[in-house]
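S.K.: Contents of coords_6.cif (mmCIF, C-alpha atoms and all ligand atoms):
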```cif
data_model
#
loop_
_atom_site.label_atom_id
_atom_site.label_comp_id
_atom_site.auth_asym_id
_atom_site.auth_seq_id
_atom_site.Cartn_x
_atom_site.Cartn_y
_atom_site.Cartn_z
CA MET K 1 53.69 9.44 -18.26
CA ASN K 2 53.86 5.95 -16.74
CA PRO K 3 50.65 3.85 -16.77
CA ALA K 4 50.01 4.32 -13.03
CA ASP K 5 50.11 8.14 -13.27
CA ARG K 6 48.05 7.98 -16.43
CA ALA K 7 45.43 5.74 -14.79
CA ALA K 8 45.24 8.08 -11.77
CA ALA K 9 44.78 11.14 -13.99
CA LEU K 10 42.17 9.47 -16.19
CA PHE K 11 40.30 8.19 -13.13
CA ALA K 12 40.02 11.75 -11.78
CA ASP K 13 38.76 12.96 -15.20
CA GLU K 14 36.22 10.17 -15.50
CA HIS K 15 34.91 10.15 -11.95
CA GLY K 16 35.43 13.76 -10.86
CA SER K 17 37.69 12.93 -7.90
CA ALA K 18 40.77 10.90 -7.08
CA ALA K 19 41.14 7.10 -7.02
CA SER K 20 41.78 5.62 -3.59
CA ALA K 21 44.68 3.48 -4.89
CA VAL K 22 46.57 2.52 -8.04
CA TRP K 23 48.03 -0.95 -8.50
CA SER K 24 50.04 -2.24 -11.43
CA ALA K 25 51.38 -5.56 -12.66
CA PRO K 26 53.86 -6.41 -15.43
CA GLY K 27 53.92 -8.63 -18.49
CA ARG K 28 56.57 -11.36 -18.54
CA VAL K 29 59.12 -13.20 -20.59
CA ASN K 30 59.69 -16.84 -19.79
CA LEU K 31 63.40 -17.40 -20.19
CA ILE K 32 62.86 -21.15 -20.48
CA GLY K 33 60.37 -23.84 -19.33
CA GLU K 34 57.53 -23.66 -21.83
CA HIS K 35 54.30 -25.66 -21.39
CA THR K 36 55.81 -27.26 -18.30
CA ASP K 37 53.60 -25.33 -15.85
CA TYR K 38 50.43 -27.40 -16.38
CA ASN K 39 52.57 -30.53 -16.11
CA ASP K 40 53.62 -29.66 -12.53
CA GLY K 41 57.09 -28.74 -13.80
CA PHE K 42 59.64 -25.91 -13.64
CA VAL K 43 59.56 -22.42 -15.19
CA LEU K 44 62.00 -19.49 -15.19
CA PRO K 45 60.24 -16.21 -16.05
CA PHE K 46 61.19 -12.60 -15.43
CA ALA K 47 58.96 -9.51 -15.42
CA LEU K 48 59.03 -6.90 -18.17
CA PRO K 49 59.08 -3.15 -17.49
CA HIS K 50 55.77 -2.92 -19.40
CA ARG K 51 52.90 -2.75 -16.93
CA THR K 52 49.12 -2.55 -16.68
CA ALA K 53 47.84 -0.13 -14.05
CA VAL K 54 44.45 -0.08 -12.36
CA ALA K 55 43.17 3.01 -10.56
CA ILE K 56 40.37 2.03 -8.20
CA ARG K 57 37.87 3.44 -5.74
CA PRO K 58 35.37 1.36 -3.80
CA ARG K 59 31.65 1.99 -4.21
CA PRO K 60 28.98 0.77 -1.81
CA ASP K 61 26.49 -0.78 -4.27
CA ARG K 62 28.29 -4.03 -5.29
CA LEU K 63 28.50 -2.77 -8.87
CA LEU K 64 31.63 -2.89 -10.99
CA SER K 65 32.29 -0.10 -13.45
CA VAL K 66 35.35 -0.66 -15.65
CA GLY K 67 36.91 1.75 -18.12
CA THR K 68 40.03 1.10 -20.17
CA LEU K 69 42.23 3.44 -22.15
CA GLY K 70 41.92 2.50 -25.83
CA SER K 71 44.48 2.97 -28.60
CA ASP K 72 42.42 5.99 -29.72
CA GLY K 73 43.43 7.77 -26.49
CA ARG K 74 39.91 7.58 -25.05
CA VAL K 75 38.55 5.68 -22.06
CA HIS K 76 36.07 3.00 -23.13
CA ARG K 77 33.62 2.11 -20.39
CA ALA K 78 32.02 -1.33 -20.35
CA PRO K 79 28.41 -1.60 -19.17
CA VAL K 80 28.26 -1.61 -15.37
CA VAL K 81 27.85 -5.14 -13.95
CA SER K 82 26.63 -6.39 -10.60
CA ILE K 83 29.25 -8.45 -8.76
CA ASP K 84 26.46 -10.72 -7.49
CA GLU K 85 25.25 -11.51 -11.00
CA LEU K 86 28.62 -12.39 -12.51
CA SER K 87 28.87 -15.92 -13.85
CA PRO K 88 30.92 -17.54 -16.61
CA GLY K 89 29.52 -16.80 -20.05
CA THR K 90 27.74 -13.59 -19.01
CA THR K 91 30.58 -11.31 -20.07
CA THR K 92 32.64 -11.35 -23.25
CA GLY K 93 35.47 -9.29 -24.74
CA TRP K 94 38.19 -7.54 -22.71
CA VAL K 95 35.90 -6.90 -19.74
CA ALA K 96 35.71 -10.67 -19.11
CA TYR K 97 39.22 -10.39 -17.61
CA PRO K 98 38.48 -7.88 -14.82
CA ALA K 99 34.95 -9.27 -14.35
CA GLY K 100 36.37 -12.81 -14.12
CA VAL K 101 38.73 -11.75 -11.35
CA ALA K 102 35.86 -10.19 -9.38
CA TRP K 103 33.89 -13.41 -9.91
CA ALA K 104 36.79 -15.62 -8.73
CA LEU K 105 37.30 -13.47 -5.61
CA ARG K 106 33.57 -13.54 -4.86
CA GLU K 107 33.44 -17.33 -5.36
CA ALA K 108 36.37 -17.74 -2.98
CA GLY K 109 34.42 -15.85 -0.32
CA PHE K 110 36.30 -12.55 -0.29
CA PRO K 111 34.07 -9.72 0.97
CA LEU K 112 34.03 -7.50 -2.11
CA GLY K 113 31.96 -4.35 -2.34
CA GLY K 114 31.59 -2.60 -5.69
CA ALA K 115 34.33 -0.55 -7.35
CA ASP K 116 35.08 1.94 -10.10
CA LEU K 117 38.16 0.99 -12.10
CA VAL K 118 40.15 2.75 -14.80
CA ILE K 119 42.75 0.60 -16.55
CA VAL K 120 45.80 1.68 -18.54
CA GLY K 121 47.85 -1.09 -20.13
CA GLU K 122 51.18 -0.84 -21.94
CA VAL K 123 51.92 -4.57 -22.29
CA PRO K 124 51.59 -5.34 -26.02
CA THR K 125 48.45 -7.43 -26.52
CA GLY K 126 48.42 -10.69 -28.47
CA ALA K 127 52.23 -10.73 -28.35
CA GLY K 128 52.61 -13.69 -25.98
CA LEU K 129 53.89 -11.33 -23.27
CA SER K 130 51.03 -12.03 -20.89
CA SER K 131 49.05 -8.81 -21.17
CA SER K 132 45.88 -10.54 -19.94
CA HIS K 133 47.58 -11.74 -16.77
CA ALA K 134 49.11 -8.31 -16.11
CA LEU K 135 45.58 -6.93 -16.28
CA GLU K 136 44.09 -9.68 -14.12
CA CYS K 137 46.81 -9.48 -11.46
CA ALA K 138 46.54 -5.69 -11.18
CA VAL K 139 42.74 -5.96 -10.90
CA ALA K 140 42.98 -8.73 -8.28
CA LEU K 141 45.32 -6.68 -6.10
CA ALA K 142 43.25 -3.51 -6.51
CA LEU K 143 40.00 -5.32 -5.61
CA LEU K 144 41.62 -7.03 -2.62
CA ASP K 145 42.85 -3.61 -1.51
CA THR K 146 39.27 -2.32 -1.41
CA ALA K 147 38.54 -5.13 1.08
CA GLN K 148 41.70 -4.36 3.14
CA LEU K 149 43.15 -7.66 1.96
CA ALA K 150 46.06 -6.53 -0.20
CA PRO K 151 49.47 -8.15 0.37
CA GLY K 152 50.86 -7.01 3.71
CA GLU K 153 47.43 -6.66 5.39
CA PRO K 154 46.48 -9.12 8.15
CA ASN K 155 44.54 -12.08 6.64
CA ALA K 156 45.63 -11.19 3.10
CA PRO K 157 45.90 -14.17 0.74
CA SER K 158 49.47 -15.15 -0.23
CA LEU K 159 50.82 -14.37 -3.72
CA GLY K 160 50.44 -18.08 -4.51
CA GLU K 161 46.77 -17.97 -3.52
CA ILE K 162 46.21 -14.83 -5.59
CA ALA K 163 47.87 -16.54 -8.56
CA ARG K 164 45.44 -19.46 -8.23
CA LEU K 165 42.45 -17.10 -8.05
CA VAL K 166 43.63 -15.35 -11.20
CA GLN K 167 44.10 -18.75 -12.85
CA ARG K 168 40.53 -19.63 -11.97
CA ALA K 169 39.31 -16.38 -13.54
CA GLU K 170 41.27 -17.13 -16.68
CA ASN K 171 40.29 -20.84 -16.89
CA ASP K 172 36.67 -20.78 -15.82
CA PHE K 173 35.49 -17.27 -16.69
CA ALA K 174 37.57 -16.17 -19.70
CA GLY K 175 37.74 -19.76 -21.00
CA ALA K 176 41.51 -20.06 -21.51
CA PRO K 177 42.89 -23.31 -19.99
CA THR K 178 46.24 -21.77 -18.97
CA GLY K 179 48.61 -22.83 -16.20
CA LEU K 180 50.24 -20.86 -13.37
CA LEU K 181 53.30 -19.44 -15.08
CA ASP K 182 52.08 -16.01 -16.07
CA GLN K 183 50.23 -14.92 -12.92
CA THR K 184 53.07 -16.10 -10.71
CA ALA K 185 55.61 -14.23 -12.82
CA SER K 186 53.55 -11.04 -12.80
CA LEU K 187 53.00 -11.18 -9.04
CA ALA K 188 56.29 -12.52 -7.72
CA CYS K 189 59.17 -11.48 -10.00
CA THR K 190 61.74 -8.94 -8.81
CA ALA K 191 64.03 -6.56 -10.71
CA GLU K 192 67.30 -8.02 -12.05
CA HIS K 193 66.18 -11.57 -11.31
CA ALA K 194 64.48 -14.49 -12.98
CA LEU K 195 62.04 -16.49 -10.87
CA PHE K 196 62.85 -20.20 -10.63
CA TYR K 197 59.44 -21.61 -9.80
CA ASP K 198 58.52 -25.20 -9.07
CA VAL K 199 54.84 -25.36 -9.92
CA ARG K 200 54.23 -28.61 -8.03
CA SER K 201 55.64 -27.55 -4.69
CA GLY K 202 55.00 -23.82 -5.06
CA ASP K 203 58.65 -23.20 -4.05
CA SER K 204 60.44 -20.38 -5.76
CA GLU K 205 63.86 -18.78 -5.80
CA GLN K 206 64.99 -15.44 -7.20
CA ILE K 207 67.97 -16.09 -9.48
CA PRO K 208 70.11 -13.02 -10.32
CA PHE K 209 69.75 -12.30 -14.04
CA ASP K 210 71.21 -9.12 -15.43
CA PRO K 211 72.37 -9.82 -19.00
CA ARG K 212 73.96 -6.35 -19.36
CA SER K 213 76.41 -7.10 -16.57
CA ALA K 214 77.82 -9.82 -18.85
CA GLY K 215 77.89 -7.63 -21.96
CA LEU K 216 74.73 -9.28 -23.28
CA GLU K 217 71.20 -8.26 -24.14
CA LEU K 218 68.03 -10.25 -24.32
CA LEU K 219 65.91 -9.06 -27.22
CA VAL K 220 62.18 -9.60 -27.40
CA ILE K 221 60.97 -9.87 -30.97
CA ASP K 222 57.22 -9.67 -31.44
CA THR K 223 56.23 -11.22 -34.77
CA ARG K 224 52.95 -9.27 -34.63
CA VAL K 225 51.17 -12.48 -35.51
CA LYS K 226 48.49 -12.56 -32.83
CA HIS K 227 48.13 -15.62 -30.71
CA SER K 228 45.09 -16.60 -28.67
CA HIS K 229 44.89 -19.42 -26.18
CA SER K 230 41.18 -20.08 -26.35
CA GLU K 231 41.31 -20.48 -30.13
CA SER K 232 44.65 -22.21 -30.45
CA GLY K 233 45.86 -25.77 -30.01
CA TYR K 234 46.93 -24.93 -26.44
CA GLY K 235 44.03 -26.89 -24.94
CA GLN K 236 44.71 -29.87 -27.19
CA ARG K 237 48.35 -30.00 -26.10
CA ARG K 238 47.28 -29.80 -22.49
CA GLN K 239 44.78 -32.63 -22.91
CA GLY K 240 47.44 -34.74 -24.67
CA CYS K 241 49.78 -34.32 -21.69
CA GLU K 242 47.04 -35.22 -19.23
CA ARG K 243 46.15 -38.31 -21.24
CA ALA K 244 49.78 -39.41 -21.38
CA ALA K 245 50.13 -39.00 -17.60
CA GLU K 246 46.96 -41.02 -17.08
CA LEU K 247 48.17 -43.83 -19.36
CA LEU K 248 51.48 -43.90 -17.49
CA GLY K 249 49.68 -44.00 -14.15
CA ILE K 250 51.37 -40.86 -12.83
CA LYS K 251 49.99 -37.58 -11.50
CA ALA K 252 51.72 -35.39 -14.10
CA LEU K 253 54.47 -35.61 -16.69
CA ARG K 254 56.78 -34.02 -14.12
CA ASP K 255 57.00 -37.52 -12.68
CA VAL K 256 58.81 -38.99 -15.71
CA PRO K 257 62.56 -38.88 -14.87
CA GLY K 258 64.71 -37.59 -17.75
CA ASP K 259 66.76 -40.80 -17.89
CA ASP K 260 63.60 -42.93 -18.14
CA LEU K 261 62.46 -41.44 -21.45
CA ALA K 262 63.73 -44.30 -23.57
CA THR K 263 61.71 -46.85 -21.62
CA THR K 264 58.66 -44.60 -21.07
CA LEU K 265 57.94 -43.44 -24.62
CA PRO K 266 57.29 -46.88 -26.16
CA LYS K 267 54.49 -47.40 -23.60
CA LEU K 268 52.52 -44.56 -25.19
CA PRO K 269 50.58 -44.16 -28.41
CA GLU K 270 52.78 -42.72 -31.13
CA GLU K 271 51.06 -39.31 -31.23
CA LEU K 272 51.65 -38.61 -27.53
CA ARG K 273 55.36 -39.43 -27.49
CA PRO K 274 56.69 -36.11 -28.82
CA LEU K 275 54.57 -34.18 -26.28
CA VAL K 276 56.05 -36.17 -23.42
CA ARG K 277 59.57 -35.86 -24.84
CA HIS K 278 59.21 -32.07 -24.93
CA ILE K 279 57.96 -31.75 -21.36
CA VAL K 280 60.58 -34.06 -19.88
CA THR K 281 63.52 -32.53 -21.76
CA GLU K 282 62.26 -28.97 -21.17
CA ASN K 283 62.17 -29.51 -17.41
CA GLY K 284 65.79 -30.68 -17.66
CA ARG K 285 66.70 -27.55 -19.63
CA VAL K 286 65.20 -25.30 -16.95
CA LEU K 287 67.37 -26.95 -14.30
CA ALA K 288 70.45 -26.68 -16.52
CA THR K 289 69.71 -22.99 -17.22
CA VAL K 290 69.37 -22.28 -13.49
CA ASP K 291 72.78 -23.91 -12.94
CA GLU K 292 74.38 -21.69 -15.59
CA LEU K 293 72.78 -18.53 -14.22
CA ARG K 294 73.82 -19.37 -10.67
CA ALA K 295 77.39 -19.67 -11.92
CA GLY K 296 77.08 -16.34 -13.77
CA ARG K 297 77.64 -18.10 -17.13
CA TYR K 298 74.93 -16.22 -19.00
CA ALA K 299 76.27 -16.85 -22.51
CA GLU K 300 76.18 -20.59 -21.83
CA ILE K 301 72.39 -20.66 -21.78
CA GLY K 302 72.35 -20.00 -25.54
CA PRO K 303 72.41 -23.69 -26.60
CA LEU K 304 69.65 -24.46 -24.06
CA LEU K 305 67.43 -21.76 -25.58
CA ILE K 306 68.06 -23.18 -29.05
CA ALA K 307 67.26 -26.73 -27.91
CA SER K 308 64.06 -25.46 -26.29
CA HIS K 309 62.94 -23.89 -29.55
CA THR K 310 63.73 -27.01 -31.56
CA SER K 311 61.71 -29.08 -29.12
CA LEU K 312 58.76 -26.65 -29.17
CA ARG K 313 58.86 -26.57 -32.98
CA ASP K 314 59.36 -30.26 -33.76
CA ASP K 315 57.97 -32.15 -30.75
CA TYR K 316 55.37 -29.87 -29.21
CA ARG K 317 54.52 -28.25 -32.57
CA VAL K 318 53.48 -24.85 -31.22
CA SER K 319 55.84 -22.65 -33.22
CA SER K 320 54.86 -20.75 -36.37
CA PRO K 321 56.71 -19.89 -39.60
CA GLU K 322 57.25 -16.32 -38.36
CA LEU K 323 58.64 -17.46 -34.99
CA ASP K 324 60.98 -19.89 -36.79
CA LEU K 325 62.06 -17.06 -39.08
CA VAL K 326 63.00 -14.88 -36.10
CA VAL K 327 64.98 -17.69 -34.49
CA ASP K 328 66.74 -18.79 -37.69
CA SER K 329 67.63 -15.27 -38.81
CA ALA K 330 68.81 -14.20 -35.34
CA LEU K 331 71.01 -17.29 -34.99
CA ALA K 332 72.39 -16.92 -38.52
CA ALA K 333 73.37 -13.34 -37.64
CA GLY K 334 75.26 -14.43 -34.52
CA ALA K 335 72.73 -14.60 -31.65
CA LEU K 336 73.97 -16.89 -28.85
CA GLY K 337 70.52 -18.40 -28.43
CA SER K 338 66.95 -17.79 -29.52
CA ARG K 339 63.55 -19.35 -29.00
CA MET K 340 59.83 -18.74 -29.15
CA ILE K 341 58.23 -17.86 -25.81
CA GLY K 342 54.79 -18.34 -24.27
CA GLY K 343 51.98 -20.49 -25.60
CA GLY K 344 53.09 -20.23 -29.24
CA PHE K 345 51.22 -20.20 -32.58
CA GLY K 346 52.33 -16.56 -32.92
CA GLY K 347 53.47 -13.93 -30.45
CA SER K 348 57.10 -13.32 -29.56
CA ALA K 349 60.53 -14.89 -29.55
CA ILE K 350 63.65 -13.94 -27.60
CA ALA K 351 67.27 -13.74 -28.72
CA LEU K 352 70.31 -13.58 -26.45
CA VAL K 353 72.89 -11.39 -28.15
CA ARG K 354 76.24 -9.73 -27.43
CA LEU K 355 75.78 -5.97 -26.97
CA ASP K 356 78.08 -5.30 -29.93
CA ASP K 357 76.02 -7.57 -32.21
CA ARG K 358 72.62 -6.18 -31.30
CA HIS K 359 72.13 -3.83 -34.23
CA ARG K 360 73.38 -6.31 -36.81
CA ILE K 361 71.03 -9.00 -35.48
CA GLU K 362 68.10 -6.61 -35.30
CA ARG K 363 68.74 -5.61 -38.93
CA ALA K 364 69.04 -9.25 -40.00
CA VAL K 365 65.67 -10.16 -38.46
CA GLN K 366 64.01 -7.11 -40.00
CA ASP K 367 65.51 -7.90 -43.40
CA ALA K 368 64.31 -11.50 -43.17
CA PHE K 369 60.74 -10.29 -42.53
CA GLU K 370 60.94 -7.71 -45.30
CA GLY K 371 62.26 -10.38 -47.68
CA ARG K 372 59.12 -12.44 -47.02
CA HIS K 373 56.81 -9.40 -47.30
CA LEU K 374 55.82 -9.72 -43.64
CA ALA K 375 54.90 -6.79 -41.40
CA ALA K 376 57.98 -5.49 -39.56
CA PRO K 377 58.47 -7.22 -36.19
CA ARG K 378 58.61 -5.10 -33.03
CA LEU K 379 61.92 -5.40 -31.16
CA PHE K 380 62.95 -4.24 -27.73
CA THR K 381 65.51 -5.08 -25.06
CA ALA K 382 64.02 -6.94 -22.12
CA VAL K 383 65.20 -5.69 -18.74
CA PRO K 384 64.22 -7.98 -15.82
CA SER K 385 61.93 -5.71 -13.79
CA ALA K 386 59.78 -5.57 -10.66
CA GLY K 387 56.63 -7.59 -10.13
CA ALA K 388 53.19 -6.28 -9.23
CA GLY K 389 52.72 -3.66 -6.55
CA ARG K 390 50.94 -0.58 -5.32
CA ASP K 391 51.95 2.65 -7.07
CA ARG K 392 49.84 5.15 -5.09
C1 LIG P 1 50.75 -19.44 -21.80
C2 LIG P 1 50.02 -19.91 -20.57
F1 LIG P 1 49.22 -18.91 -20.06
C3 LIG P 1 50.99 -20.38 -19.49
O1 LIG P 1 50.26 -20.94 -18.43
C4 LIG P 1 51.99 -21.38 -20.05
O2 LIG P 1 51.42 -22.64 -20.22
C5 LIG P 1 52.60 -20.86 -21.36
O3 LIG P 1 51.61 -20.46 -22.28
C6 LIG P 1 53.49 -21.88 -22.02
O4 LIG P 1 54.59 -22.13 -21.22
O5 LIG P 1 51.48 -18.28 -21.54
#
```
Translate the structure of the given file into structure tokens.
M.R.:
Amino acid sequence: MNPADRAAALFADEHGSAASAVWSAPGRVNLIGEHTDYNDGFVLPFALPHRTAVAIRPRPDRLLSVGTLGSDGRVHRAPVVSIDELSPGTTTGWVAYPAGVAWALREAGFPLGGADLVIVGEVPTGAGLSSSHALECAVALALLDTAQLAPGEPNAPSLGEIARLVQRAENDFAGAPTGLLDQTASLACTAEHALFYDVRSGDSEQIPFDPRSAGLELLVIDTRVKHSHSESGYGQRRQGCERAAELLGIKALRDVPGDDLATTLPKLPEELRPLVRHIVTENGRVLATVDELRAGRYAEIGPLLIASHTSLRDDYRVSSPELDLVVDSALAAGALGSRMIGGGFGGSAIALVRLDDRHRIERAVQDAFEGRHLAAPRLFTAVPSAGAGRDR
């Protein structure tokens, strides 16, 4: 059963009658453009088929009751909270994500009543595939729907505005200083496309991306080493970038032209130079990848993926031994390109492979993990899929 049907069925079990709507939102893979989003740069994500669904029904008392399907097959209900009493720090654990979205919507002046929610998620958690944003985007859309403000309704906020509200929930309520990549991907991606998104201008373009049509597959390889933004060096990297921009007298590192790197870097303290080099070169790689995809030259993006990983590993220093092992073993076995994705410090990598090589490469990565006595990685083929929407 898909997560939307499951959420609808569980809602009826839990609450004795049907939900008024079910919304779902996907996890994402970022093809390239890592850590560029909070530097006003370019990203190129696509949505995964894995989704988080939220069955919802409004209630009149401004209370929020949230249940989520656990790995034990049971619905775990968090204590009921009053929407009026939500404030950062009052809620911890998984419920901070849906509660944070309600808080951000309330703060922005949206006329929310209360709601009962039942959540079913199938995006792997802690895998760098944006499970928290899938949850937050589905909750945001479901809550807006209870106020007749879902996309398509008169006076509904735009997808860009919803993405910013979700970012506020994540930054100020859940305490993770993330950028705009993941929410935008979850809300705005379409099947068989990657989303070329310019974070500064808010402009986006759907770029056809269907690896199978070129005899290729894009594998996602989850190292099963959990990553967490609030505990990781993510915030430190972000602060480093902001400091560098300030020292250079520019709004964001987006403003350093690629051909100015040689003159720009010596103006900065030694420790900030590799961060700046990564952001500037990564923005260039996004643009180059878009050019290749537009020309239908999918295999040609391989070297760009490899260069992105090298830059994330050596300059931005957000890779991990397990992510490097995936990339090295996949490339040694014939992958056309491979790199870590997402915030880093754990989570997943991708590998672009020829269909005929898939099983050999999969085996090689598994053997490499077994050889180091590491837990077996989880592998699947990523199919660019639809963004968030209403299921029922
Ligand atoms: C995480 C963050 F949530 C994104 O905003 C982005 O910065 C990404 O790491 C790195 O590109 O997924």
S.K.: Measuring between only C-alpha atoms and all ligand atoms, which one of K:His35, K:Arg313, K:His15, K:Arg243 shows the shortest distance to ligand LIG 1 (chain P)?
M.R.: K:His35
S.K.: Can you tell me which residues come within 8 Å of ligand LIG 1 (chain P) when counting all atoms listed in the file, ideally as a PyMOL selection string?
M.R.: chain K and resi 30+33-38+43+128-130+176-182+229+234+341-344
S.K.: Dump as a PyMOL selection string all residues having an atom at most 12 Å from (57.1, -38.0, -25.2), computed in the file's coordinates with all atoms listed in the file.
M.R.: chain K and resi 237+240-241+243-245+248+253-254+256-258+260-282+311+314-316
S.K.: Near Val290 in chain K, counting only C-alpha atoms, which residues have an atom at most 9 Å away, once you skip same-chain residues fewer than 2 positions from it, shown as an NGL selection string?
M.R.: :K and (44 or 196 or 207 or 285-288 or 292-295 or 301)
S.K.: For a test of reading the model, state the distance in Å between CA of Ser385 in chain K and CA of Leu105 in chain K, rounded to one decimal.
M.R.: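 Taking CA of Ser385 in chain K and CA of Leu105 in chain K, their separation equals 27.1 Å.
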S.K.: Given all atoms listed in the file as the basis, pick out the residue of K:Arg57, K:Tyr197, K:Val118, K:Arg74 nearest to Ala147 in chain K.
M.R.: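 Ranked by minimum distance to Ala147 in chain K, first place goes to K:Arg57.
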S.K.: With distances taken over only C-alpha atoms, which of K:Val29, K:Leu218, K:Asp357, K:Ala185 is nearest to Gly337 in chain K?
M.R.: K:Leu218
S.K.: Of the residues K:Arg372, K:Arg212, K:Arg62, K:Arg392, which is the one nearest to Arg6 in chain K, using only C-alpha atoms?
M.R.: K:Arg392
S.K.: Within 12 Å of (76.2, -5.4, -30.8) in the file's own coordinates, which protein, DNA or RNA residues have an atom, counting all atoms listed in the file? List them as an MDAnalysis selection string.
M.R.: chainID K and resid 212 215:219 333:336 352:363
S.K.: The selected residues should be written to file as a CSV table (one decimal), in the frame of the given file (atoms: C-alpha atoms).
M.R.:
```
chain,number,residue,atom,x,y,z
K,212,ARG,CA,74.0,-6.4,-19.4
K,215,GLY,CA,77.9,-7.6,-22.0
K,216,LEU,CA,74.7,-9.3,-23.3
K,217,GLU,CA,71.2,-8.3,-24.1
K,218,LEU,CA,68.0,-10.2,-24.3
K,219,LEU,CA,65.9,-9.1,-27.2
K,333,ALA,CA,73.4,-13.3,-37.6
K,334,GLY,CA,75.3,-14.4,-34.5
K,335,ALA,CA,72.7,-14.6,-31.6
K,336,LEU,CA,74.0,-16.9,-28.8
K,352,LEU,CA,70.3,-13.6,-26.4
K,353,VAL,CA,72.9,-11.4,-28.2
K,354,ARG,CA,76.2,-9.7,-27.4
K,355,LEU,CA,75.8,-6.0,-27.0
K,356,ASP,CA,78.1,-5.3,-29.9
K,357,ASP,CA,76.0,-7.6,-32.2
K,358,ARG,CA,72.6,-6.2,-31.3
K,359,HIS,CA,72.1,-3.8,-34.2
K,360,ARG,CA,73.4,-6.3,-36.8
K,361,ILE,CA,71.0,-9.0,-35.5
K,362,GLU,CA,68.1,-6.6,-35.3
K,363,ARG,CA,68.7,-5.6,-38.9
```
S.K.: Nearest to Phe380 in chain K among K:Ala191, K:Leu48, K:Ala150, K:Met340, with distances taken over only C-alpha atoms: which residue is it?
M.R.: K:Leu48
S.K.: Find, counting only C-alpha atoms, the residue in K:Glu170, K:Asp367, K:Asp210, K:Asp116 that gets nearest to Leu143 in chain K.
M.R.: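 Nearest candidate to Leu143 in chain K out of K:Glu170, K:Asp367, K:Asp210, K:Asp116: K:Asp116.
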S.K.: What's around His133 in chain K at 8 Å? Count only C-alpha atoms, leave out sequence neighbours fewer than 3 positions away in its own chain, and write the answer as JSON, numbers by chain.
M.R.: {"K": [27, 130, 136, 137, 166, 182, 183, 186]}
S.K.: Could you check how far CA of Ser338 in chain K sits from CA of Gln236 in chain K, in Å to one decimal?
M.R.: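 So the two atoms, CA of Ser338 in chain K and CA of Gln236 in chain K, lie 25.4 Å apart.
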